[in-house]
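Heads up, the thing below is written out as structure tokens.
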Amino acid sequence: MTQTTNSEPQGRITIMLPDGTIRAVPLGSGTLTIGRAAGNSVVLEYANVSPQHARIEYDGASYRIVDLNSTNGTFLGNVRLLPGVPEPWPPDKAVRIGDCWLRLERAPATGAQQATGAPPPTTAGAPRVAAFIEAPDLTVDPGGSVTLTVTVLNQGPVVDHLHVAVTNLPPGWLPTAAPVVRLLPGARQPVALVIAPPRRPESKAGAYPVTVRVSSQDAPGQFAEAQARLTVTPYAQFRSELRPQSLRAGRPGQVQVENQGNTPQTYTIRWQDRAEELAFEPAQWQLTVPEGQTETAQFRARPGKRSLVGGQTNRAFTADIASPAGEKQTLSGEVATRALIPSWLPPLLLVALMAGAALVFMLLMQGHKPPAIQTLYAQPADPVAGQPVTIYWTVDNGDTVELRPLLSGLDAASGQHTLQEGVPAGVQITFVATNQYGSTERPLSLAVREPTPEPAPTLTPTPEPGAPVITEWSVTPLTVYRGQPVTIRWAVEGAESVTIQPIGTVELSGTLQEKPGQTTRYILIASNKGKTVQRSFEVIVEEPPTNTPTHTPTPTRTPTITPTAFLIVPPIRITPPVPKLPVLTPSP
């Protein structure tokens with residue numbers, strides 16, 4: 001390449017060779033190349049100079065020097081130039097190529113420039129931004145990170161903010177946003193960009209082109225791009241599951257394999273049992289699973305032979321899954337096999353025969369046995385003496401029942417009876433069921449409580465002249481279970497109106513029954529010509545206890561069967577009929 005010059009030289013380059021010799025090369029407009037090869041404008045025949053080492057450009061106003069991707073580099077001052085990036089060459093800085101030093105000497109300014117003092121004009125098409133990646137080939141493992149270093153240059157005439165952006169990468173691979181770099185004219189700065197693909201199947205293995213764009217804030221249309229290549233390494237990881245873990249012989253089962261790596265994998269699945277009593281269909285399976293997906297291998301297991309009589313047998317087996325990288329997982333399961341004739345069938349037939357014989361015997365004995373008391377309980381189970389109590393029972397084969405010593409001659413089929421006057425404290429009741437073949441008795445569990453003492457009567461003060469007089473006021477009992485009645489009695493003299501809260505207006509005297517649903521205070525209020533007299537009692541309402549009926553199983557006699565198939569019936573003792581007790585009419 002030859003130098004293009006104007007009619008007038010624009011300056012010169014002074015070159016100091018390694019041996020101390022000085023050479024001067026005139027400069028004009030255009031370009032000038034420097035290298036070891038003979039075709040360059042300036043030939044420097046030294047071993048550390050590349051065949052085409054650098055290029056000098058002149059646009060009529062300023063000089064730029066460009067490194068032509070030389071082996072040993074081109075240095076402006078102490079800074080190595082980026083290959084292919086034009087760098088302004090001010091006269092106060094020397095350029096080093098190999099062991100040679102070059103210095104720029106500008107021609108004196110023209111008359112017009114001296115008159116105005118204006119700087120030389122800048123070419124409109126000159127690039128203001130440059131970017132260079134010194135190590136463009138990067139490799140990263142998913143889950144790790146790698147740093148991409150890009151050097152940015154401000155080649156404009158003013159201070160500029162350079163925006164750095166990375167394209168062609170999936171979202172989330174750059175943990176931090178690319179920075180904005182502020183540079184003075186002619187300044188450069190390395191920018192470190194961290195790339196961290198996550199360890200997920202979405203980070204597929206392979207090469208990714210990376211474009212780093214550096215744009216000027218001062219001149220948005222000015223930008224530079226640098227290319228790099230990112231290689232994501234493959235990794236293998238998978239998860240497997242056996243469904244179901246326990247399956248019936250001949251029924252289908254499944255092995256699910258999820259490829260959690262970032263490349264497609266082909267897994268080998270083998271089924272086997274240690275005792276070699278099962279046959280698997282198929283015995284082996286090659287399952288190809290794309291990255292991030294789940295595939296299923298279906299199989300069946302059958303026993304080699306089945307027993308004639310017996311129960312269920314569980315045979316253990318394993319499913320071994322191996323990846324191409326050698327990683328293995330073993331899943332354990334079991335296959336349930338059954339004999340042709342279940343083991344429970346012969347005993348069941350024998351039990352059925354024995355049950356039939358017992359049923360015949362029970363039918364023969366059904367009408368010749370005393371009563372059986374199935375359930376017996378009282379409600380409430382812990383009544384207050386004098387409080388009504390209801391007795392509940394269930395009797396098989398009974399004619400009459402007796403609440404000894406209180407009552408007899410009750411119909412066994414009625415199932416209940418209420419003692420309106422309650423049970424005296426300290427009385428133990430025995431329940432007796434009777435039929436013509438005998439009687440059965442059982443004590444009744446009943447805890448009778450003493451009644452709560454009535455409160456001491458309140459002394460009635462001397463009535464105010466003209467005020468009503470309460471001659472009678474009582475509420476009994478003062479403690480009841482929910483749903484039980486209380487009796488209210490009252491008598492008032494000399495009153496215009498009488499009210500009982502919460503009942504309402506009542507006559508001057510009377511008696512009534514109430515069933516309070518909760519603890520209640522009854523207040524008697526008597527009024528006469530603006531003068532009022534009142535009395536009150538509080539009734540405490542308790543929740544009735546919960547009783548669980550007691551079941552008494554009826555004894556069953558099992559007949560004895562001799563080897564000659566004769567049925568021996570044990571002797572039956574007939575209890576003479578018990579004379580019926582006279583029926584007593586309960587007191588109201």
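Ligands are numbered from 1 in the order shown, residues from 1 within each chain, and chains are lettered A, B, ... in the order they appear in the structure tokens.
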Selection near segment 380-392 of chain A, 12 Å with only C-alpha atoms, sequence-local residues under 5 positions removed, as an MDAnalysis selection string = chainID A and resid 373:375 401:403 407 410 412:427 429:431 444:453 476:486 542:550 588
Which residue of A:Ala301, A:Leu331, A:Leu17, A:Leu363 approaches Arg251 of chain A most closely, using only C-alpha atoms | A:Ala301
Strand (DSSP E or B) call set, DSSP backbone run, segment 258-319 of chain A, as number ranges by chain | A: 258-259, 265-272, 278-281, 284-289, 294-303, 309-310, 312-319
May I have the residues within 12 Å of Thr233 of chain A as number ranges by chain, using only C-alpha atoms and disregarding those fewer than 3 positions away in the same chain?
-> A: 138-145, 197-199, 201, 203-208, 230, 236, 261-263
Fewer than 5 positions away in the same chain doesn't count, so skip those; otherwise give me all residues within 9 Å of Ser216 of chain A, counting only C-alpha atoms, as a list in words.
-> Arg128, Val129, Asn154, Asp160, His161, Leu162, His163, Gly221, Gln222, Phe223 and Ala224 of chain A
Could those selected residues go to a file with N, CA and C atoms, as a compact mmCIF listing (two decimals), in the first residue's frame?
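Below is the file again.txt, written as the result:
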# COMPACT_ATOMS: atom_id res chain seq x y z
N ARG A 128 -17.18 7.96 16.66
CA ARG A 128 -16.97 8.55 17.99
C ARG A 128 -16.84 7.49 19.07
N VAL A 129 -17.28 6.27 18.76
CA VAL A 129 -17.30 5.21 19.77
C VAL A 129 -16.57 4.00 19.20
N ASN A 154 -13.81 6.51 23.85
CA ASN A 154 -14.49 7.73 23.44
C ASN A 154 -13.56 8.44 22.43
N ASP A 160 -18.24 12.11 26.94
CA ASP A 160 -19.43 11.38 26.52
C ASP A 160 -19.75 10.28 27.53
N HIS A 161 -21.05 9.94 27.60
CA HIS A 161 -21.51 8.79 28.39
C HIS A 161 -21.80 7.66 27.42
N LEU A 162 -21.13 6.56 27.60
CA LEU A 162 -21.26 5.42 26.69
C LEU A 162 -22.11 4.34 27.36
N HIS A 163 -23.20 3.96 26.70
CA HIS A 163 -24.10 2.92 27.19
C HIS A 163 -23.63 1.57 26.66
N GLY A 221 -26.85 8.28 17.37
CA GLY A 221 -26.63 7.51 16.15
C GLY A 221 -25.26 6.88 16.08
N GLN A 222 -24.34 7.23 16.98
CA GLN A 222 -22.99 6.70 16.97
C GLN A 222 -22.92 5.50 17.94
N PHE A 223 -22.55 4.35 17.40
CA PHE A 223 -22.40 3.17 18.24
C PHE A 223 -21.37 2.24 17.62
N ALA A 224 -20.90 1.32 18.42
CA ALA A 224 -19.95 0.30 17.95
C ALA A 224 -20.37 -1.02 18.56
Minimum-distance residue to Asp320 of chain A, chosen among A:Gln256, A:Ile15, A:Ala352, A:Glu507 (using only C-alpha atoms) |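 The shortest atom-to-atom distance to Asp320 of chain A comes from A:Gln256.
For the residues A:Glu281, A:Asp137, A:Glu441, A:Glu87, ranking by smallest atom-to-atom distance to Gly186 of chain A using only C-alpha atoms places A:Glu87 first.
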Pick out the residues sitting within 10 Å of Phe238 of chain A, and hand them over as a ChimeraX atom specification; count only C-alpha atoms, and ignore anything fewer than 3 positions along from it in its own chain.
-> /A:257-261,265,267,289,291-294,321-323,327-329
Take the selection from the previous step and output its residues with all heavy atoms, as a compact mmCIF listing (two decimals), in the first residue's frame.
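That gives us selection_34.txt:
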# COMPACT_ATOMS: atom_id res chain seq x y z
N VAL A 257 -39.21 -40.86 34.04
CA VAL A 257 -37.88 -40.29 34.11
C VAL A 257 -37.97 -38.83 33.68
O VAL A 257 -38.47 -38.52 32.59
CB VAL A 257 -36.89 -41.05 33.21
CG1 VAL A 257 -35.51 -40.42 33.30
CG2 VAL A 257 -36.82 -42.51 33.61
N GLU A 258 -37.51 -37.94 34.54
CA GLU A 258 -37.47 -36.51 34.24
C GLU A 258 -36.02 -36.09 33.99
O GLU A 258 -35.16 -36.26 34.85
CB GLU A 258 -38.03 -35.70 35.41
CG GLU A 258 -38.00 -34.19 35.18
CD GLU A 258 -38.44 -33.40 36.39
OE1 GLU A 258 -38.76 -34.02 37.42
OE2 GLU A 258 -38.45 -32.16 36.32
N ASN A 259 -35.75 -35.59 32.79
CA ASN A 259 -34.41 -35.13 32.43
C ASN A 259 -34.24 -33.71 32.96
O ASN A 259 -34.80 -32.76 32.41
CB ASN A 259 -34.23 -35.18 30.92
CG ASN A 259 -32.83 -34.77 30.49
OD1 ASN A 259 -31.97 -34.47 31.32
ND2 ASN A 259 -32.59 -34.74 29.19
N GLN A 260 -33.44 -33.56 34.01
CA GLN A 260 -33.20 -32.25 34.61
C GLN A 260 -31.90 -31.62 34.10
O GLN A 260 -31.48 -30.58 34.60
CB GLN A 260 -33.15 -32.38 36.14
CG GLN A 260 -34.47 -32.87 36.74
CD GLN A 260 -34.38 -33.09 38.23
OE1 GLN A 260 -33.31 -33.37 38.76
NE2 GLN A 260 -35.50 -32.98 38.93
N GLY A 261 -31.26 -32.25 33.09
CA GLY A 261 -30.06 -31.69 32.50
C GLY A 261 -30.39 -30.74 31.38
O GLY A 261 -31.56 -30.40 31.12
N GLN A 265 -31.10 -36.88 26.67
CA GLN A 265 -30.42 -38.05 27.20
C GLN A 265 -31.24 -39.30 26.88
O GLN A 265 -32.47 -39.26 26.84
CB GLN A 265 -30.23 -37.94 28.72
CG GLN A 265 -29.39 -36.77 29.19
CD GLN A 265 -27.92 -36.97 28.91
OE1 GLN A 265 -27.43 -38.10 28.88
NE2 GLN A 265 -27.20 -35.87 28.71
N TYR A 267 -31.87 -42.98 28.41
CA TYR A 267 -31.68 -43.74 29.64
C TYR A 267 -32.01 -45.20 29.38
O TYR A 267 -32.93 -45.54 28.62
CB TYR A 267 -32.58 -43.19 30.74
CG TYR A 267 -32.34 -41.73 31.04
CD1 TYR A 267 -33.09 -40.74 30.41
CD2 TYR A 267 -31.36 -41.34 31.94
CE1 TYR A 267 -32.87 -39.40 30.69
CE2 TYR A 267 -31.13 -40.00 32.22
CZ TYR A 267 -31.89 -39.04 31.59
OH TYR A 267 -31.66 -37.72 31.85
N VAL A 289 -35.22 -38.86 26.47
CA VAL A 289 -35.96 -37.78 27.12
C VAL A 289 -35.28 -36.45 26.76
O VAL A 289 -34.09 -36.27 27.03
CB VAL A 289 -35.99 -37.95 28.65
CG1 VAL A 289 -36.86 -36.87 29.30
CG2 VAL A 289 -36.46 -39.33 29.04
N GLU A 291 -34.31 -32.44 27.11
CA GLU A 291 -33.96 -31.70 28.31
C GLU A 291 -35.20 -31.00 28.87
O GLU A 291 -36.01 -30.44 28.14
CB GLU A 291 -32.86 -30.67 28.03
CG GLU A 291 -33.23 -29.55 27.08
CD GLU A 291 -33.07 -29.94 25.61
OE1 GLU A 291 -32.79 -31.13 25.33
OE2 GLU A 291 -33.22 -29.07 24.75
N GLY A 292 -35.35 -31.09 30.20
CA GLY A 292 -36.46 -30.43 30.88
C GLY A 292 -37.79 -31.13 30.75
O GLY A 292 -38.80 -30.58 31.20
N GLN A 293 -37.85 -32.31 30.17
CA GLN A 293 -39.12 -33.00 29.97
C GLN A 293 -39.13 -34.34 30.70
O GLN A 293 -38.11 -34.82 31.20
CB GLN A 293 -39.39 -33.21 28.47
CG GLN A 293 -39.54 -31.90 27.70
CD GLN A 293 -39.99 -32.14 26.27
OE1 GLN A 293 -40.59 -33.17 25.96
NE2 GLN A 293 -39.70 -31.19 25.41
N THR A 294 -40.34 -34.96 30.76
CA THR A 294 -40.53 -36.24 31.44
C THR A 294 -41.14 -37.24 30.46
O THR A 294 -42.11 -36.91 29.76
CB THR A 294 -41.45 -36.08 32.67
OG1 THR A 294 -40.87 -35.13 33.56
CG2 THR A 294 -41.63 -37.40 33.39
N ILE A 321 -32.24 -47.51 36.56
CA ILE A 321 -32.20 -46.50 35.50
C ILE A 321 -30.77 -45.97 35.43
O ILE A 321 -30.22 -45.53 36.45
CB ILE A 321 -33.20 -45.34 35.79
CG1 ILE A 321 -34.61 -45.90 35.90
CG2 ILE A 321 -33.13 -44.32 34.68
CD1 ILE A 321 -35.05 -46.19 37.31
N ALA A 322 -30.17 -46.02 34.24
CA ALA A 322 -28.80 -45.56 34.04
C ALA A 322 -28.77 -44.52 32.94
O ALA A 322 -29.43 -44.65 31.91
CB ALA A 322 -27.89 -46.73 33.69
N SER A 323 -28.02 -43.43 33.18
CA SER A 323 -27.85 -42.37 32.19
C SER A 323 -26.61 -42.66 31.35
O SER A 323 -25.75 -43.47 31.74
CB SER A 323 -27.72 -41.02 32.89
OG SER A 323 -26.49 -40.96 33.59
N GLU A 327 -24.52 -42.25 35.62
CA GLU A 327 -25.30 -42.05 36.84
C GLU A 327 -26.43 -43.06 36.89
O GLU A 327 -27.10 -43.32 35.89
CB GLU A 327 -25.86 -40.63 36.88
CG GLU A 327 -26.66 -40.33 38.15
CD GLU A 327 -27.28 -38.96 38.13
OE1 GLU A 327 -27.08 -38.23 37.13
OE2 GLU A 327 -27.98 -38.61 39.11
N LYS A 328 -26.66 -43.67 38.08
CA LYS A 328 -27.66 -44.72 38.22
C LYS A 328 -28.60 -44.38 39.37
O LYS A 328 -28.21 -43.78 40.36
CB LYS A 328 -27.00 -46.07 38.48
CG LYS A 328 -26.21 -46.63 37.30
CD LYS A 328 -25.68 -48.01 37.61
CE LYS A 328 -24.90 -48.58 36.42
NZ LYS A 328 -24.40 -49.94 36.69
N GLN A 329 -29.84 -44.81 39.19
CA GLN A 329 -30.85 -44.74 40.24
C GLN A 329 -31.60 -46.06 40.27
O GLN A 329 -31.88 -46.64 39.22
CB GLN A 329 -31.83 -43.58 40.00
CG GLN A 329 -31.20 -42.21 40.13
CD GLN A 329 -32.23 -41.10 39.97
OE1 GLN A 329 -33.43 -41.34 39.94
NE2 GLN A 329 -31.74 -39.87 39.88
Residues of segment 304-502 of chain A in alpha helix (DSSP H), written as a PyMOL selection string = chain A and resi 345-365
Tell me which protein, DNA and RNA residues are within 10 Å of Asn314 of chain A, counting only C-alpha atoms, leaving out same-chain ones fewer than 6 positions away, and put them as a list in words.
->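 Contacts, with the query itself left out: Ser246, Leu247, Arg248, Ala249, Gly333, Glu334, Val335, Ala336, Thr337 and Arg338 of chain A.
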Export C-alpha atoms of the chosen residues as a PDB file, in the first residue's frame?
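Output contents, as saved in out_9.pdb:
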ATOM      1  CA  SER A 246     -47.002 -52.083  44.601  1.00  0.00           C
ATOM      2  CA  LEU A 247     -48.860 -53.548  41.641  1.00  0.00           C
ATOM      3  CA  ARG A 248     -50.869 -56.670  40.835  1.00  0.00           C
ATOM      4  CA  ALA A 249     -49.321 -59.331  38.639  1.00  0.00           C
ATOM      5  CA  GLY A 333     -41.299 -52.113  44.195  1.00  0.00           C
ATOM      6  CA  GLU A 334     -43.283 -55.291  44.734  1.00  0.00           C
ATOM      7  CA  VAL A 335     -45.629 -57.481  42.704  1.00  0.00           C
ATOM      8  CA  ALA A 336     -48.624 -59.105  44.433  1.00  0.00           C
ATOM      9  CA  THR A 337     -49.490 -62.605  43.154  1.00  0.00           C
ATOM     10  CA  ARG A 338     -52.351 -64.853  44.279  1.00  0.00           C
TER      11      ARG A 338
END
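Ranking A:Gln518, A:Ser343, A:Thr288, A:Ser41 by their shortest atom-to-atom distance to Pro324 of chain A, with only C-alpha atoms included, puts A:Thr288 first.
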